[in-house]
Every structure is written in structure tokens, then in C-alpha cells.
Amino acid sequence: MIGTDGAEVDFGRVRADFSLPTQFPAAALAEAERAVSDGPRGDRADATALPLVTIDPPGAKDLDQAMFVERVGDGFRLHYAIADLGAFVVPGGALDTEVRKRGQTMYLPDGNVPLHPTVLSEGMASLLPDQVSPAALWTIELGADGEPTSATIRRAWIKSVAQFDYETVQAAIDAGDPHPSIAALPELGKLRREHAVKRGAVELQLPEQEVEPDGAGGWRLVLRPRTQVDAWNAEISLLTGMSAAKIMLDAGVGVLRTLPDPDDNAITWLRRSAKNLGIDWPEDRSAAELLADLDPSRPDALALFMDATRLLRGAGYTVFDGQTPGLSTHAGIAASYAHVTAPLRRLVDRFGTEICLAVCAGEEVPAWVREALPALPALMEGSDSLASKVDRACLDQVEAWVLSDRVGHVFDAVVLRSDTNSAEIFIPEPPVLDRCPGEGLPEGETIRVRLTAAVVAERRVEFERVEDA
């Protein structure tokens with residue numbers, strides 16, 4: 001895309017800089033098209049009568065999950081359908097080879113680099129509304145307290161009855177008129193969130209930058225507010241991932257998403273930061289409880305959330321087969337957890353799902369799954385790293401575009417995390433996260449900064465502190 005001034009305003013250079021693929025190999029694409037023509041493999045139950053709905057960002061077509069939450073007695077029953085890629089991807093085939101190289105879908109503002117060809121990911125394998133789709137269907141029974149009592153998964157035909165986005169669902173719930181399929185979501189979501197805090201799960205409510213078209217052929221930065229529905233929907237996914245991890249650990253084979261517990265130094269650092277920011281942290285309260293109660297609109301809270309990222313370092317993937325792994329928990333979730341809810345967009349989920357399907361059916365885990373397990377951590381960690389770099393490059397590019405004509409302007413900025421000679425800062429308008437040089441910049445306080453450079457070709461912006469007169 002070329003703007004009116006002749007400058008590029010798309011993300012083609014980001015794609016080129018990171019060597020992102022522009023198309024699928026002919027053999028892989030042919031396999032995907034043949035899978036659609038032949039139809040999904042495997043026997044499956046008919047669950048098309050379940051009134052499942054999807055909740056995704058507006059305009060999404062790669063729909064991984066559909067849910068129906070119902071009250072059963074004084075408890076709950078969660079029906080959670082997950083796209084069934086195992087029904088289409090032939091183990092060891094050309095498509096399987098290609099998706100292992102890709103690892104996950106890369107999301108760029110002007111279009112995705114999909115993990116699977118769109119004939120699958122936005123077609124027959126996607127849980128699109130009013131389409132009979134193959135799915136891996138979880139059924140999770142929960143007591144009145146929101147804790148699971150059983151969890152099973154089976155292959156099924158499903159049919160989503162509606163596609164929603166987060167803000168639409170939140171508005172309907174706020175108006176007292178939720179869709180019947182998710183009328184019980186607020187109650188269950190709140191219970192699950194309470195359990196997460198009690199377990200010690202750490203949730204960082206940091207501002208989330210997003211890029212959207214500006215209506216004039218360019219792009220702008222926005223902050224998408226995190227709704228309650230976002231949090232409740234995330235808890236449903238986490239519940240399913242924890243259920244999958246339990247199944248795998250009980251069976252002695254699987255792939256987990258893991259994170260070691262923070263060391264004492266990290267907690268000590270966080271307590272010192274809270275004290276310096278003037279945030280009261282009673283000795284008998286956990287970090288999870290403290291963070292859950294903070295108001296993310298407060299500058300001091302934002303600074304502490306940024307400091308709390310120190311608690312979440314070292315995430316990885318742990319595979320095991322026949323022996324319990326030394327590390328089987330994720331400290332940020334405060335439980336054992338596995339990725340199984342986004343197979344259209346993430347490679348590892350297909351393998352975790354196949355393990356759970358086999359175990360719940362009383363069958364042997366397929367040999368091709370077991371053979372793939374040792375390679376999955378490196379594949380996913382490389383893919384995660386690339387996705388993070390691509391995302392940051394896109395944000396950096398838009399920051400440079402948006403600020404290119406404002407060099408010399410002075411902005412209010414919240415100091416999020418200060419090091420010896422610089423600090424991470426957050427400018428609310430336009431929403432920019434960057435660094436500013438300076439010794440002893442005060443965390444949690446608002447300072448004035450001047451934009452000294454915005455170099456579009458280098459995706460670089462620079463600020464300096466403006467001392468008060």
C-alpha cells in the first residue's frame with residue numbers, strides 16, 4: 001500500500017525483514033484442498049443440536065472455539081468445541097511438514113500469515129456459524145463452586161448458531177439480555193477468576209496496543225479496553241487447558257506449557273517496588289491478590305504491573321512420555337496447563353488434543369504424535385519468539401508513522417519501569433509504549449517527554465525528558 005505522499009503504509013517490509021512466507025507450497029495447498037474435497041476423517045458423534053456460539057475479535061474467520069454454558073442443578077456444564085485439525089492434516093504429509101515449519105499464525109495489521117491454508121482455517125475447519133463442522137468437543141462438569149468434577153473430550157459434528165465479538169457480548173450482558181448459550185458465563189467466569197486468584201495466578205492488566213485502519217489509507221494506534229467478557233472467556237480456555245494437562249499427566253504422556261515459580265528475589269523486588277510506589281501490600285496477601293485488586297487506570301498500578309513481568313520469565317514447553325516431568329506447572333496460571341484450544345492458529349494444540357482424544361477413548365496415543373513430541377518445544381519456542389518480534393515491529397512501525405510529523409512535541413508519559421539510565425514509558429495519547437533515557441526516572445509518576453526523532457525507515461522513535469521549569 002502506498003500513501004498519498006508516496007510512502008509505504010503497509011507492512012510488506014516487516015514481512016520481508018522476517019522472511020515470512022507469502023504462500024503455501026503447491027503440495028501442501030493441494031493436500032488441504034483435497035482434505036476439504038474428501039471431507040474430515042474419523043468417526044464422530046452428532047452434537048449439532050448443541051446451541052454453541054463463538055466469541056472472537058470482529059471480522060475473525062479462523063474460529064477455533066465455540067461454547068455453550070448451561071446450569072445443571074446447582075452446578076454447571078461446559079460444552080467447548082475446538083476446531084479439529086486432526087481430521088484434515090495427514091501426519092507426515094506435505095501440509096504437516098509446512099505447518100511444523102510455521103508454528104503459528106502471524107497476525108499483522110494488513111493481513112495474517114496463516115498456519116494453515118485459508119481453505120481450512122477460514123473454511124471447513126473453522127467453526128463458522130450455521131456450518132456443520134468437525135470438532136473436538138470438551139464436556140466439563142463443574143460444581144456449584146465452579147470447580148471441575150470431570151472432563152472428557154470426543155470427536156463430534158457441531159454447528160455454531162451465532163458468531164459474536166467481545167464488545168457485543170459485553171453490551172448484551174450489561175443490558176441484562178445475554179444470548180441463552182452464554183447466560184451462565186458471567187457467574188461461571190467470576191467463580192473461575194476467584195479460583196485463579198486463590199491459586200496464585202498472576203494477571204497483568206497492562207495497556208494493550210492495537211493497530212487499526214485510520215479511514216484515510218493509513219493506520220492508527222488504539223488501546224482496546226479489556227472487558228469482563230475477555231476475562232471470563234480466557235478463564236474458559238484456561239479451564240480447558242488445565243483439564244487437558246490433568247488428562248495428560250494421569251496418562252503419563254503429553255506436552256505442557258510450563259513456567260518455573262519466581263525466585264525469592266523476584267518477589268522481594270516486587271515488594272520493594274510496591275513500597276516505592278506507595279502501594280500497600282500486607283504481608284498476608286499474595287502477589288496475585290494484590291495485582292487483582294489494583295485499578296489499571298492508575299499510573300502507580302501500571303508501573304507495578306510492568307514490574308510484575310519479572311514473575312513471568314522463563315515460559316517454555318515440557319514434553320514427557322512415560323515419566324512425570326520435573327516441571328509440570330505454569331507459575332502464571334498456578335496450575336498445570338496445556339495448549340489445546342487454538343489448533344487453527346498454533347501447532348502444538350493439535351498434538352495435545354490428539355493425546356486427550358486417545359486417552360478419553362481408551363486408545364493408544366498415535367505413534368505419529370509420540371514421535372513428534374521431542375521436537376515440539378523447539379518448534380514452538382522459535383515460533384513464539386518470531387511472533388513476538390513481528391508484533392513489536394508492526395507496533396514500532398505504526399508508532400513511527402503516527403509520530404513522524406510530531407517531532408518536537410511534548411507529551412505526558414507514565415513511567416512504567418525504571419532502570420539505571422532509562423525507563424519504559426507509556427504515553428496515553430496516542431497510545432505509545434517506548435523508552436526514555438534518564439537517571440532515576442520516577443516509577444508510577446507522570447513526567448513530560450519530548451519526541452526528538454521518528455524515523456519511519458528504521459521503525460524508531462526517541463524521547464527525552466523535559467525538566468519542569
# chains A, B, ... in the order shown; residues from 1 in each chain; ligands from 1
call {"tool": "residues_around", "arguments": {"residues": "stretch 116-126 of chain A", "least_positions_apart": "3", "cutoff": "9 Å", "atoms": "only C-alpha atoms", "output": "VMD selection string"}}
result
chain A and resid 23 to 24 28 to 29 32 to 33 35 to 36 39 to 40 60 to 65 83 to 85 87 to 88 95 98 to 99 102 104 to 105 113 131 to 135 344 to 345
call {"tool": "select_by_dssp", "arguments": {"residues": "stretch 210-364 of chain A", "states": "strand (DSSP E or B)", "output": "number ranges by chain"}}
result
A: 210-213, 219-223, 253-259, 316-321, 330, 335, 346
call {"tool": "closest_residue", "arguments": {"among": "A:Ile55, A:Ala136, A:Ile267, A:Cys356", "to": "A:Ala234", "atoms": "only C-alpha atoms"}}
result
A:Ile55
call {"tool": "residues_around", "arguments": {"residues": "A:Ala81", "least_positions_apart": "2", "cutoff": "12 Å", "atoms": "only C-alpha atoms", "output": "ChimeraX atom specification"}}
result
/A:47-48,50-54,63-69,78-79,83-84,125-128,133-140,152-160,236-237,240,340-343,353
call {"tool": "residues_around", "arguments": {"residues": "A:Phe411", "least_positions_apart": "6", "cutoff": "8 Å", "atoms": "only C-alpha atoms", "output": "ChimeraX atom specification"}}
result
/A:427,448-451
call {"tool": "write_last_selection", "arguments": {"atoms": "C-alpha atoms", "output": "short mmCIF file (atom, residue, chain, number, x, y, z; two decimals), in the first residue's frame"}}
result
data_model
loop_
_atom_site.label_atom_id
_atom_site.label_comp_id
_atom_site.auth_asym_id
_atom_site.auth_seq_id
_atom_site.Cartn_x
_atom_site.Cartn_y
_atom_site.Cartn_z
CA ILE A 427 2.01 7.83 26.53
CA ARG A 448 6.85 15.32 30.44
CA VAL A 449 8.78 13.95 27.46
CA ARG A 450 9.71 15.48 24.13
CA LEU A 451 9.74 13.49 20.88
#
